file model24.pdb (PDB, C-alpha atoms, pLDDT in the B column)
ATOM      1  CA  MET A   1       0.000   0.000   0.000  1.00 54.00           C
ATOM      2  CA  LYS A   2       1.822   3.038  -1.296  1.00 69.00           C
ATOM      3  CA  LEU A   3       0.003   5.659   0.778  1.00 75.00           C
ATOM      4  CA  TRP A   4      -0.165   3.796   4.094  1.00 78.00           C
ATOM      5  CA  PRO A   5      -0.696   4.996   6.882  1.00 84.00           C
ATOM      6  CA  LEU A   6      -2.620   7.862   5.220  1.00 79.00           C
ATOM      7  CA  THR A   7      -5.130   5.304   3.917  1.00 78.00           C
ATOM      8  CA  ARG A   8      -5.614   3.495   7.223  1.00 83.00           C
ATOM      9  CA  ARG A   9      -9.058   5.067   7.714  1.00 85.00           C
ATOM     10  CA  ARG A  10      -9.854   6.581   4.323  1.00 86.00           C
ATOM     11  CA  SER A  11      -9.464   5.797   0.638  1.00 83.00           C
ATOM     12  CA  ALA A  12      -6.503   7.297  -1.226  1.00 84.00           C
ATOM     13  CA  GLY A  13      -8.697   9.771  -3.123  1.00 86.00           C
ATOM     14  CA  ALA A  14      -9.964  11.175   0.193  1.00 85.00           C
ATOM     15  CA  ILE A  15      -6.514  12.108   1.533  1.00 87.00           C
ATOM     16  CA  PRO A  16      -6.660  15.827   2.431  1.00 89.00           C
ATOM     17  CA  ILE A  17      -4.499  18.361   0.589  1.00 89.00           C
ATOM     18  CA  ALA A  18      -4.463  22.148   0.941  1.00 85.00           C
ATOM     19  CA  ALA A  19      -7.009  22.415   3.760  1.00 83.00           C
ATOM     20  CA  LYS A  20     -10.461  21.596   2.353  1.00 89.00           C
ATOM     21  CA  TYR A  21      -9.424  19.693  -0.783  1.00 91.00           C
ATOM     22  CA  ARG A  22      -8.841  15.974  -1.360  1.00 91.00           C
ATOM     23  CA  LEU A  23      -6.592  14.182  -3.857  1.00 90.00           C
ATOM     24  CA  VAL A  24      -9.646  13.263  -5.947  1.00 92.00           C
ATOM     25  CA  ASP A  25     -10.283  16.982  -6.536  1.00 92.00           C
ATOM     26  CA  ALA A  26      -7.245  17.144  -8.844  1.00 92.00           C
ATOM     27  CA  VAL A  27      -8.761  14.448 -11.053  1.00 92.00           C
ATOM     28  CA  VAL A  28     -12.246  15.998 -11.024  1.00 92.00           C
ATOM     29  CA  SER A  29     -10.724  19.424 -11.756  1.00 92.00           C
ATOM     30  CA  ASN A  30      -8.812  17.992 -14.728  1.00 92.00           C
ATOM     31  CA  CYS A  31     -12.083  16.537 -16.035  1.00 92.00           C
ATOM     32  CA  ILE A  32     -14.032  19.776 -15.620  1.00 92.00           C
ATOM     33  CA  ASN A  33     -11.224  21.856 -17.178  1.00 92.00           C
ATOM     34  CA  SER A  34     -11.185  19.367 -20.086  1.00 93.00           C
ATOM     35  CA  ASN A  35     -14.951  19.869 -20.575  1.00 91.00           C
ATOM     36  CA  ILE A  36     -15.725  16.369 -19.275  1.00 90.00           C
ATOM     37  CA  THR A  37     -18.736  16.775 -17.023  1.00 89.00           C
ATOM     38  CA  LYS A  38     -20.267  13.295 -16.677  1.00 88.00           C
ATOM     39  CA  ILE A  39     -18.131  11.802 -13.919  1.00 89.00           C
ATOM     40  CA  TYR A  40     -18.660   8.601 -11.961  1.00 88.00           C
ATOM     41  CA  ALA A  41     -16.452   7.933  -8.929  1.00 89.00           C
ATOM     42  CA  LEU A  42     -16.244   4.206  -8.187  1.00 87.00           C
ATOM     43  CA  THR A  43     -15.323   3.645  -4.562  1.00 85.00           C
ATOM     44  CA  GLN A  44     -14.147   0.391  -3.034  1.00 82.00           C
ATOM     45  CA  PHE A  45     -13.114   0.549   0.617  1.00 79.00           C
ATOM     46  CA  ASN A  46     -12.772   3.090   3.425  1.00 82.00           C
ATOM     47  CA  SER A  47     -14.903   5.307   1.229  1.00 84.00           C
ATOM     48  CA  THR A  48     -17.164   7.125   3.698  1.00 87.00           C
ATOM     49  CA  SER A  49     -15.162  10.381   3.752  1.00 88.00           C
ATOM     50  CA  LEU A  50     -14.652  10.295  -0.032  1.00 88.00           C
ATOM     51  CA  ASN A  51     -18.364   9.762  -0.673  1.00 89.00           C
ATOM     52  CA  SER A  52     -19.213  12.585   1.730  1.00 90.00           C
ATOM     53  CA  HIS A  53     -16.669  14.976   0.196  1.00 90.00           C
ATOM     54  CA  LEU A  54     -17.747  14.335  -3.403  1.00 90.00           C
ATOM     55  CA  SER A  55     -21.451  14.719  -2.593  1.00 88.00           C
ATOM     56  CA  LYS A  56     -20.874  18.022  -0.792  1.00 89.00           C
ATOM     57  CA  ALA A  57     -18.186  19.513  -3.047  1.00 89.00           C
ATOM     58  CA  TYR A  58     -19.797  18.828  -6.426  1.00 88.00           C
ATOM     59  CA  THR A  59     -23.495  19.392  -5.808  1.00 82.00           C
ATOM     60  CA  ASN A  60     -24.742  22.367  -7.824  1.00 76.00           C
ATOM     61  CA  VAL A  61     -21.308  23.379  -9.182  1.00 79.00           C
ATOM     62  CA  GLY A  62     -22.499  24.320 -12.661  1.00 76.00           C
ATOM     63  CA  LEU A  63     -21.525  21.295 -14.729  1.00 84.00           C
ATOM     64  CA  GLY A  64     -24.100  22.148 -17.366  1.00 80.00           C
ATOM     65  CA  LYS A  65     -27.527  20.690 -18.005  1.00 82.00           C
ATOM     66  CA  ASP A  66     -26.401  17.047 -18.092  1.00 83.00           C
ATOM     67  CA  GLY A  67     -23.213  17.234 -15.990  1.00 88.00           C
ATOM     68  CA  PHE A  68     -22.720  15.390 -12.703  1.00 89.00           C
ATOM     69  CA  VAL A  69     -20.228  13.884 -10.289  1.00 89.00           C
ATOM     70  CA  GLU A  70     -21.852  10.723  -8.976  1.00 87.00           C
ATOM     71  CA  VAL A  71     -20.463   8.281  -6.430  1.00 86.00           C
ATOM     72  CA  ILE A  72     -20.973   4.580  -7.103  1.00 86.00           C
ATOM     73  CA  ALA A  73     -20.115   2.769  -3.884  1.00 85.00           C
ATOM     74  CA  ALA A  74     -18.911  -0.834  -3.856  1.00 84.00           C
ATOM     75  CA  TYR A  75     -21.891  -3.156  -3.890  1.00 84.00           C
ATOM     76  CA  GLN A  76     -22.924  -6.773  -3.927  1.00 85.00           C
ATOM     77  CA  SER A  77     -25.709  -8.096  -6.128  1.00 83.00           C
ATOM     78  CA  LEU A  78     -27.482 -11.379  -6.849  1.00 84.00           C
ATOM     79  CA  ASP A  79     -25.071 -11.917  -9.752  1.00 82.00           C
ATOM     80  CA  ASN A  80     -21.952 -10.767  -7.859  1.00 80.00           C
ATOM     81  CA  LYS A  81     -22.105 -11.736  -4.214  1.00 83.00           C
ATOM     82  CA  GLY A  82     -18.596 -10.485  -3.367  1.00 85.00           C
ATOM     83  CA  TRP A  83     -17.268  -6.937  -3.103  1.00 86.00           C
ATOM     84  CA  PHE A  84     -15.197  -5.396  -5.892  1.00 84.00           C
ATOM     85  CA  GLN A  85     -11.964  -7.322  -6.330  1.00 84.00           C
ATOM     86  CA  GLY A  86      -9.805  -4.396  -7.427  1.00 82.00           C
ATOM     87  CA  ASN A  87      -9.990  -1.560  -9.943  1.00 81.00           C
ATOM     88  CA  ALA A  88     -10.597  -3.612 -13.096  1.00 83.00           C
ATOM     89  CA  ASP A  89     -13.389  -5.581 -11.424  1.00 86.00           C
ATOM     90  CA  ALA A  90     -15.016  -2.353 -10.183  1.00 86.00           C
ATOM     91  CA  VAL A  91     -15.012  -0.927 -13.720  1.00 85.00           C
ATOM     92  CA  ARG A  92     -16.283  -4.180 -15.261  1.00 85.00           C
ATOM     93  CA  ARG A  93     -19.132  -4.473 -12.782  1.00 86.00           C
ATOM     94  CA  CYS A  94     -20.192  -0.852 -13.290  1.00 85.00           C
ATOM     95  CA  LEU A  95     -20.251  -0.803 -17.099  1.00 83.00           C
ATOM     96  CA  TRP A  96     -24.049  -1.031 -16.914  1.00 82.00           C
ATOM     97  CA  MET A  97     -24.049   2.667 -15.920  1.00 79.00           C
ATOM     98  CA  LEU A  98     -22.920   3.605 -19.413  1.00 76.00           C
ATOM     99  CA  GLU A  99     -26.274   2.415 -20.765  1.00 77.00           C
ATOM    100  CA  ASP A 100     -27.764   5.740 -19.587  1.00 75.00           C
ATOM    101  CA  TYR A 101     -25.181   7.672 -21.629  1.00 73.00           C
ATOM    102  CA  PRO A 102     -24.205   5.486 -24.603  1.00 76.00           C
ATOM    103  CA  LEU A 103     -20.601   6.296 -25.528  1.00 77.00           C
ATOM    104  CA  LYS A 104     -17.887   4.998 -27.779  1.00 79.00           C
ATOM    105  CA  GLU A 105     -15.147   6.333 -25.501  1.00 82.00           C
ATOM    106  CA  PHE A 106     -14.619   6.842 -21.805  1.00 85.00           C
ATOM    107  CA  LEU A 107     -11.730   7.629 -19.493  1.00 88.00           C
ATOM    108  CA  ILE A 108     -10.710   5.458 -16.571  1.00 87.00           C
ATOM    109  CA  LEU A 109      -8.720   7.579 -14.131  1.00 88.00           C
ATOM    110  CA  PRO A 110      -7.211   6.918 -10.709  1.00 85.00           C
ATOM    111  CA  GLY A 111      -8.786   9.047  -8.012  1.00 84.00           C
ATOM    112  CA  HIS A 112      -5.608   9.699  -6.074  1.00 83.00           C
ATOM    113  CA  HIS A 113      -3.037  11.037  -8.549  1.00 82.00           C
ATOM    114  CA  LEU A 114      -1.920  14.642  -8.270  1.00 84.00           C
ATOM    115  CA  TYR A 115      -1.162  16.106 -11.691  1.00 86.00           C
ATOM    116  CA  THR A 116      -2.575  18.550 -14.241  1.00 89.00           C
ATOM    117  CA  MET A 117      -3.635  17.189 -17.610  1.00 90.00           C
ATOM    118  CA  ASP A 118      -5.868  18.266 -20.473  1.00 92.00           C
ATOM    119  CA  TYR A 119      -7.784  15.051 -21.141  1.00 92.00           C
ATOM    120  CA  GLN A 120      -9.088  16.438 -24.444  1.00 92.00           C
ATOM    121  CA  LYS A 121      -5.561  16.103 -25.870  1.00 91.00           C
ATOM    122  CA  LEU A 122      -5.510  12.467 -24.749  1.00 89.00           C
ATOM    123  CA  VAL A 123      -8.904  11.855 -26.360  1.00 90.00           C
ATOM    124  CA  GLN A 124      -7.786  13.581 -29.593  1.00 90.00           C
ATOM    125  CA  SER A 125      -4.683  11.372 -29.805  1.00 87.00           C
ATOM    126  CA  HIS A 126      -6.840   8.324 -29.150  1.00 87.00           C
ATOM    127  CA  ARG A 127      -9.088   9.293 -32.064  1.00 89.00           C
ATOM    128  CA  ILE A 128      -6.258  10.253 -34.434  1.00 89.00           C
ATOM    129  CA  TYR A 129      -4.579   6.870 -33.945  1.00 84.00           C
ATOM    130  CA  ASN A 130      -7.915   5.007 -33.977  1.00 85.00           C
ATOM    131  CA  ALA A 131      -6.728   3.164 -30.881  1.00 83.00           C
ATOM    132  CA  ASP A 132      -8.684   0.575 -28.946  1.00 83.00           C
ATOM    133  CA  VAL A 133      -7.046   1.654 -25.680  1.00 83.00           C
ATOM    134  CA  THR A 134      -4.867   4.684 -24.934  1.00 85.00           C
ATOM    135  CA  ILE A 135      -2.612   4.910 -21.894  1.00 84.00           C
ATOM    136  CA  SER A 136      -1.194   8.139 -20.523  1.00 84.00           C
ATOM    137  CA  ALA A 137       2.365   7.787 -19.243  1.00 79.00           C
ATOM    138  CA  ILE A 138       5.555   9.740 -18.651  1.00 75.00           C
ATOM    139  CA  SER A 139       9.123   8.932 -19.654  1.00 73.00           C
ATOM    140  CA  SER A 140      11.258   7.284 -17.008  1.00 67.00           C
ATOM    141  CA  ILE A 141      14.679   5.937 -16.230  1.00 62.00           C
ATOM    142  CA  LYS A 142      14.158   2.224 -15.676  1.00 58.00           C
ATOM    143  CA  ASN A 143      15.748   2.019 -12.225  1.00 56.00           C
ATOM    144  CA  GLN A 144      14.480   5.360 -10.948  1.00 58.00           C
ATOM    145  CA  ASP A 145      10.794   4.819 -10.218  1.00 53.00           C
ATOM    146  CA  ARG A 146      10.272   1.707  -8.135  1.00 57.00           C
ATOM    147  CA  GLY A 147       6.732   0.763  -7.289  1.00 60.00           C
ATOM    148  CA  PHE A 148       5.052   2.305 -10.324  1.00 65.00           C
ATOM    149  CA  GLY A 149       3.622   0.449 -13.271  1.00 70.00           C
ATOM    150  CA  ILE A 150       6.116   0.322 -16.105  1.00 76.00           C
ATOM    151  CA  LEU A 151       5.392   0.097 -19.813  1.00 79.00           C
ATOM    152  CA  GLN A 152       7.745  -1.027 -22.531  1.00 81.00           C
ATOM    153  CA  VAL A 153       6.748   0.314 -25.946  1.00 83.00           C
ATOM    154  CA  ASN A 154       7.917  -0.202 -29.513  1.00 84.00           C
ATOM    155  CA  SER A 155       8.661   2.474 -32.119  1.00 82.00           C
ATOM    156  CA  GLU A 156       4.917   2.932 -32.825  1.00 81.00           C
ATOM    157  CA  ASN A 157       4.229   3.366 -29.082  1.00 80.00           C
ATOM    158  CA  GLN A 158       2.392   0.076 -28.912  1.00 82.00           C
ATOM    159  CA  VAL A 159       2.693  -1.494 -25.469  1.00 82.00           C
ATOM    160  CA  LEU A 160       4.892  -4.582 -25.544  1.00 84.00           C
ATOM    161  CA  GLN A 161       4.951  -5.201 -21.824  1.00 82.00           C
ATOM    162  CA  LEU A 162       3.278  -3.853 -18.693  1.00 76.00           C
ATOM    163  CA  ARG A 163       4.590  -4.548 -15.215  1.00 73.00           C
ATOM    164  CA  GLN A 164       2.931  -3.333 -12.059  1.00 65.00           C
ATOM    165  CA  GLU A 165       6.089  -3.452  -9.978  1.00 56.00           C
ATOM    166  CA  ILE A 166       9.539  -2.842 -11.376  1.00 42.00           C
ATOM    167  CA  ASP A 167      12.095  -5.586 -10.984  1.00 44.00           C
ATOM    168  CA  THR A 168      15.332  -3.671 -11.473  1.00 40.00           C
ATOM    169  CA  ARG A 169      17.137  -6.898 -12.366  1.00 40.00           C
ATOM    170  CA  THR A 170      14.947  -7.344 -15.445  1.00 46.00           C
ATOM    171  CA  ARG A 171      16.635  -6.239 -18.644  1.00 40.00           C
ATOM    172  CA  PHE A 172      14.410  -5.084 -21.454  1.00 41.00           C
ATOM    173  CA  PRO A 173      15.941  -5.437 -24.913  1.00 42.00           C
ATOM    174  CA  GLY A 174      16.858  -2.105 -26.518  1.00 40.00           C
ATOM    175  CA  VAL A 175      13.672  -0.606 -27.883  1.00 33.00           C
ATOM    176  CA  SER A 176      13.599   2.602 -29.861  1.00 30.00           C
ATOM    177  CA  ALA A 177      10.484   4.477 -28.753  1.00 29.00           C
ATOM    178  CA  SER A 178       8.983   7.052 -31.054  1.00 27.00           C
ATOM    179  CA  THR A 179       7.553   9.948 -29.095  1.00 26.00           C
ATOM    180  CA  MET A 180       5.161  11.372 -31.650  1.00 26.00           C
ATOM    181  CA  PHE A 181       2.161   9.909 -29.835  1.00 33.00           C
ATOM    182  CA  LEU A 182       3.094  10.760 -26.268  1.00 35.00           C
ATOM    183  CA  GLN A 183       5.244  13.761 -27.169  1.00 35.00           C
ATOM    184  CA  LEU A 184       7.941  12.802 -24.689  1.00 36.00           C
ATOM    185  CA  PRO A 185      11.726  12.862 -24.919  1.00 37.00           C
ATOM    186  CA  LEU A 186      13.180   9.890 -26.792  1.00 37.00           C
ATOM    187  CA  GLN A 187      15.683   9.133 -24.014  1.00 41.00           C
ATOM    188  CA  TYR A 188      14.072   6.005 -22.608  1.00 39.00           C
ATOM    189  CA  PRO A 189      11.700   3.362 -24.008  1.00 39.00           C
ATOM    190  CA  PHE A 190      10.027   3.005 -20.617  1.00 39.00           C
ATOM    191  CA  TYR A 191       7.036   4.903 -19.301  1.00 40.00           C
ATOM    192  CA  ILE A 192       5.451   5.118 -15.873  1.00 39.00           C
ATOM    193  CA  SER A 193       1.725   4.611 -16.078  1.00 37.00           C
ATOM    194  CA  LEU A 194      -0.282   7.546 -14.782  1.00 37.00           C
ATOM    195  CA  CYS A 195      -3.744   6.519 -15.798  1.00 37.00           C
ATOM    196  CA  LEU A 196      -5.136   3.429 -17.425  1.00 32.00           C
TER     197      LEU A 196
END
call {"tool": "encode", "arguments": {"input": "model24.pdb", "output": "structure tokens"}}
result
Amino acid sequence: MKLWPLTRRRSAGAIPIAAKYRLVDAVVSNCINSNITKIYALTQFNSTSLNSHLSKAYTNVGLGKDGFVEVIAAYQSLDNKGWFQGNADAVRRCLWMLEDYPLKEFLILPGHHLYTMDYQKLVQSHRIYNADVTISAISSIKNQDRGFGILQVNSENQVLQLRQEIDTRTRFPGVSASTMFLQLPLQYPFYISLCL
């Protein structure tokens, strides 16, 4: 657990920053500033303070006629008697929500990362390359960033390998990464995953 003990009694997205804000506010702010106003927050555990914050902070904030920030708490159903078994399972089990707003594309973002990003640029790149899946990542020195997901890409920026934890003893063969898609320096063919 990367943020322990801060997550002992709350989810990572609910960790306070700058007085009244929470980490999740950076992600929601990026969405709003990117003109993305239909936002679901899937929560899994220790989510009481996150649910409370999101309901109070984003009620009546002027997200347009159809805009919303809606919390979907972990649940059990007749078909799925267990709780969410991680991020991918939470997304899979909540895909039914997209029936209300049929889409071809949607973003899956972590609720606890602190960065600024214009998601419209990510969506435009996704469309230009007619990709099935687009991953946002930053360039990295292989041995520098332990504990982050690591991507190895080829010259067309197609993902060859994804590792959740870096094993610094692993040697990736020399790969020449083109940076046209991610617009990053060509120094390293490895990228730290920011959002999947």
call {"tool": "atom_distance", "arguments": {"input": "model24.pdb", "atom1": "CA of Asn130 (chain A)", "atom2": "CA of Pro102 (chain A)"}}
result
18.8 Å
call {"tool": "residues_around", "arguments": {"input": "model24.pdb", "residues": "Gly86 (chain A)", "least_positions_apart": "2", "cutoff": "12 Å", "atoms": "all atoms listed in the file", "output": "list in words"}}
result
Leu42, Thr43, Gln44, Phe45, Ala74, Gly82, Trp83, Phe84, Ala88, Asp89, Ala90, Val91, Arg92 and Arg93 of chain A
call {"tool": "closest_atom_pairs", "arguments": {"input": "model24.pdb", "of": "region 59-162 of chain A", "to": "region 24-41 of chain A", "cutoff": "10 Å", "atoms": "all atoms listed in the file", "output": "tab-separated table"}}
result
residue	atom	partner	partner_atom	distance
A:Gly62	CA	A:Thr37	CA	9.5
A:Leu63	CA	A:Thr37	CA	5.8
A:Gly64	CA	A:Thr37	CA	7.6
A:Lys65	CA	A:Thr37	CA	9.7
A:Asp66	CA	A:Lys38	CA	7.3
A:Gly67	CA	A:Thr37	CA	4.6
A:Phe68	CA	A:Lys38	CA	5.1
A:Val69	CA	A:Ile39	CA	4.7
A:Glu70	CA	A:Tyr40	CA	4.9
A:Val71	CA	A:Ala41	CA	4.7
A:Ile72	CA	A:Ala41	CA	5.9
A:Ala73	CA	A:Ala41	CA	8.1
A:Cys94	CA	A:Tyr40	CA	9.7
A:Met97	CA	A:Tyr40	CA	8.9
A:Leu98	CA	A:Tyr40	CA	9.9
A:Tyr101	CA	A:Lys38	CA	9.0
A:Phe106	CA	A:Ile36	CA	9.9
A:Leu107	CA	A:Ile39	CA	9.5
A:Ile108	CA	A:Tyr40	CA	9.7
A:Leu109	CA	A:Val27	CA	7.5
A:Pro110	CA	A:Val27	CA	7.7
A:Gly111	CA	A:Val24	CA	4.8
A:His112	CA	A:Val24	CA	5.4
A:His113	CA	A:Val27	CA	7.1
A:Leu114	CA	A:Ala26	CA	5.9
A:Tyr115	CA	A:Ala26	CA	6.8
A:Thr116	CA	A:Asn30	CA	6.3
A:Met117	CA	A:Asn30	CA	6.0
A:Asp118	CA	A:Ser34	CA	5.4
A:Tyr119	CA	A:Ser34	CA	5.6
A:Gln120	CA	A:Ser34	CA	5.7
A:Lys121	CA	A:Ser34	CA	8.7
call {"tool": "residues_around", "arguments": {"input": "model24.pdb", "residues": "Arg9 (chain A)", "least_positions_apart": "4", "cutoff": "12 Å", "atoms": "all atoms listed in the file", "output": "list of chain:residue names"}}
result
A:Leu3, A:Trp4, A:Pro5, A:Gly13, A:Ala14, A:Ile15, A:Phe45, A:Asn46, A:Ser47, A:Thr48, A:Ser49, A:Leu50
call {"tool": "residues_around", "arguments": {"input": "model24.pdb", "residues": "Leu162 (chain A)", "least_positions_apart": "3", "cutoff": "7 Å", "atoms": "all atoms listed in the file", "output": "list in words"}}
result
Gly149, Ile150, Leu151 and Gln152 of chain A
call {"tool": "write_last_selection", "arguments": {"input": "model24.pdb", "atoms": "C-alpha atoms", "output": "compact mmCIF listing (two decimals), in the frame of the given file"}}
result
# COMPACT_ATOMS: atom_id res chain seq x y z
CA GLY A 149 3.62 0.45 -13.27
CA ILE A 150 6.12 0.32 -16.10
CA LEU A 151 5.39 0.10 -19.81
CA GLN A 152 7.74 -1.03 -22.53
call {"tool": "atom_distance", "arguments": {"input": "model24.pdb", "atom1": "CA of Thr7 (chain A)", "atom2": "CA of Lys56 (chain A)"}}
result
20.8 Å
call {"tool": "atom_distance", "arguments": {"input": "model24.pdb", "atom1": "CA of Ile135 (chain A)", "atom2": "CA of Gln85 (chain A)"}}
result
21.9 Å
call {"tool": "axis_aligned_box", "arguments": {"input": "model24.pdb", "around": "region 61-64 of chain A", "padding_each_side": "5 Å", "output": "AutoDock Vina command-line options"}}
result
--center_x -22.7 --center_y 22.8 --center_z -13.3 --size_x 12.8 --size_y 13.0 --size_z 18.2
call {"tool": "closest_residue", "arguments": {"input": "model24.pdb", "among": "A:Val153, A:Ser55, A:Ser125, A:Ser77", "to": "Ile138 (chain A)", "atoms": "all atoms listed in the file"}}
result
A:Val153
call {"tool": "decode", "arguments": {"input": "model24.pdb", "residues": "region 113-121 of chain A", "atoms": "all heavy atoms", "output": "PDB file, in the first residue's frame"}}
result
ATOM      1  N   HIS A 113      -4.262  10.503  -7.950  1.00  0.00           N
ATOM      2  CA  HIS A 113      -3.037  11.037  -8.549  1.00  0.00           C
ATOM      3  C   HIS A 113      -3.113  12.554  -8.598  1.00  0.00           C
ATOM      4  O   HIS A 113      -4.149  13.125  -8.895  1.00  0.00           O
ATOM      5  CB  HIS A 113      -2.837  10.477  -9.949  1.00  0.00           C
ATOM      6  CG  HIS A 113      -2.434   9.039  -9.944  1.00  0.00           C
ATOM      7  ND1 HIS A 113      -1.991   8.406 -11.065  1.00  0.00           N
ATOM      8  CD2 HIS A 113      -2.401   8.110  -8.967  1.00  0.00           C
ATOM      9  CE1 HIS A 113      -1.705   7.153 -10.787  1.00  0.00           C
ATOM     10  NE2 HIS A 113      -1.958   6.942  -9.508  1.00  0.00           N
ATOM     11  N   LEU A 114      -1.983  13.187  -8.343  1.00  0.00           N
ATOM     12  CA  LEU A 114      -1.920  14.642  -8.270  1.00  0.00           C
ATOM     13  C   LEU A 114      -1.105  15.157  -9.449  1.00  0.00           C
ATOM     14  O   LEU A 114       0.123  15.127  -9.429  1.00  0.00           O
ATOM     15  CB  LEU A 114      -1.283  15.044  -6.933  1.00  0.00           C
ATOM     16  CG  LEU A 114      -1.322  16.507  -6.541  1.00  0.00           C
ATOM     17  CD1 LEU A 114      -2.749  17.038  -6.522  1.00  0.00           C
ATOM     18  CD2 LEU A 114      -0.676  16.694  -5.181  1.00  0.00           C
ATOM     19  N   TYR A 115      -1.802  15.585 -10.496  1.00  0.00           N
ATOM     20  CA  TYR A 115      -1.162  16.106 -11.691  1.00  0.00           C
ATOM     21  C   TYR A 115      -2.173  16.962 -12.439  1.00  0.00           C
ATOM     22  O   TYR A 115      -3.365  16.904 -12.169  1.00  0.00           O
ATOM     23  CB  TYR A 115      -0.653  14.981 -12.606  1.00  0.00           C
ATOM     24  CG  TYR A 115      -1.751  14.042 -13.063  1.00  0.00           C
ATOM     25  CD1 TYR A 115      -2.484  14.296 -14.214  1.00  0.00           C
ATOM     26  CD2 TYR A 115      -2.062  12.901 -12.326  1.00  0.00           C
ATOM     27  CE1 TYR A 115      -3.502  13.458 -14.627  1.00  0.00           C
ATOM     28  CE2 TYR A 115      -3.073  12.055 -12.727  1.00  0.00           C
ATOM     29  CZ  TYR A 115      -3.780  12.339 -13.879  1.00  0.00           C
ATOM     30  OH  TYR A 115      -4.791  11.500 -14.279  1.00  0.00           O
ATOM     31  N   THR A 116      -1.695  17.759 -13.386  1.00  0.00           N
ATOM     32  CA  THR A 116      -2.575  18.550 -14.241  1.00  0.00           C
ATOM     33  C   THR A 116      -2.490  17.969 -15.642  1.00  0.00           C
ATOM     34  O   THR A 116      -1.390  17.716 -16.147  1.00  0.00           O
ATOM     35  CB  THR A 116      -2.119  20.027 -14.278  1.00  0.00           C
ATOM     36  OG1 THR A 116      -2.140  20.526 -12.946  1.00  0.00           O
ATOM     37  CG2 THR A 116      -3.026  20.853 -15.161  1.00  0.00           C
ATOM     38  N   MET A 117      -3.631  17.756 -16.263  1.00  0.00           N
ATOM     39  CA  MET A 117      -3.635  17.189 -17.610  1.00  0.00           C
ATOM     40  C   MET A 117      -4.893  17.627 -18.346  1.00  0.00           C
ATOM     41  O   MET A 117      -5.980  17.658 -17.771  1.00  0.00           O
ATOM     42  CB  MET A 117      -3.594  15.666 -17.537  1.00  0.00           C
ATOM     43  CG  MET A 117      -3.504  14.977 -18.863  1.00  0.00           C
ATOM     44  SD  MET A 117      -3.337  13.207 -18.604  1.00  0.00           S
ATOM     45  CE  MET A 117      -2.799  12.712 -20.201  1.00  0.00           C
ATOM     46  N   ASP A 118      -4.732  17.965 -19.609  1.00  0.00           N
ATOM     47  CA  ASP A 118      -5.868  18.266 -20.473  1.00  0.00           C
ATOM     48  C   ASP A 118      -6.277  16.953 -21.135  1.00  0.00           C
ATOM     49  O   ASP A 118      -5.631  16.483 -22.069  1.00  0.00           O
ATOM     50  CB  ASP A 118      -5.488  19.305 -21.520  1.00  0.00           C
ATOM     51  CG  ASP A 118      -6.634  19.667 -22.447  1.00  0.00           C
ATOM     52  OD1 ASP A 118      -7.716  19.029 -22.374  1.00  0.00           O
ATOM     53  OD2 ASP A 118      -6.454  20.586 -23.261  1.00  0.00           O
ATOM     54  N   TYR A 119      -7.348  16.352 -20.637  1.00  0.00           N
ATOM     55  CA  TYR A 119      -7.784  15.051 -21.141  1.00  0.00           C
ATOM     56  C   TYR A 119      -8.286  15.130 -22.579  1.00  0.00           C
ATOM     57  O   TYR A 119      -8.322  14.117 -23.278  1.00  0.00           O
ATOM     58  CB  TYR A 119      -8.866  14.457 -20.245  1.00  0.00           C
ATOM     59  CG  TYR A 119      -8.395  14.149 -18.842  1.00  0.00           C
ATOM     60  CD1 TYR A 119      -9.188  14.467 -17.743  1.00  0.00           C
ATOM     61  CD2 TYR A 119      -7.174  13.538 -18.598  1.00  0.00           C
ATOM     62  CE1 TYR A 119      -8.779  14.187 -16.454  1.00  0.00           C
ATOM     63  CE2 TYR A 119      -6.748  13.259 -17.315  1.00  0.00           C
ATOM     64  CZ  TYR A 119      -7.552  13.578 -16.245  1.00  0.00           C
ATOM     65  OH  TYR A 119      -7.145  13.300 -14.972  1.00  0.00           O
ATOM     66  N   GLN A 120      -8.655  16.321 -23.051  1.00  0.00           N
ATOM     67  CA  GLN A 120      -9.088  16.438 -24.444  1.00  0.00           C
ATOM     68  C   GLN A 120      -7.937  16.103 -25.395  1.00  0.00           C
ATOM     69  O   GLN A 120      -8.167  15.519 -26.453  1.00  0.00           O
ATOM     70  CB  GLN A 120      -9.641  17.842 -24.724  1.00  0.00           C
ATOM     71  CG  GLN A 120     -11.004  18.080 -24.123  1.00  0.00           C
ATOM     72  CD  GLN A 120     -12.070  17.110 -24.617  1.00  0.00           C
ATOM     73  OE1 GLN A 120     -12.041  16.634 -25.752  1.00  0.00           O
ATOM     74  NE2 GLN A 120     -13.014  16.799 -23.753  1.00  0.00           N
ATOM     75  N   LYS A 121      -6.716  16.450 -25.021  1.00  0.00           N
ATOM     76  CA  LYS A 121      -5.561  16.103 -25.870  1.00  0.00           C
ATOM     77  C   LYS A 121      -5.376  14.589 -25.920  1.00  0.00           C
ATOM     78  O   LYS A 121      -5.036  14.035 -26.964  1.00  0.00           O
ATOM     79  CB  LYS A 121      -4.299  16.781 -25.349  1.00  0.00           C
ATOM     80  CG  LYS A 121      -4.302  18.276 -25.537  1.00  0.00           C
ATOM     81  CD  LYS A 121      -3.042  18.915 -25.004  1.00  0.00           C
ATOM     82  CE  LYS A 121      -3.088  20.415 -25.180  1.00  0.00           C
ATOM     83  NZ  LYS A 121      -1.895  21.072 -24.631  1.00  0.00           N
TER      84      LYS A 121
END
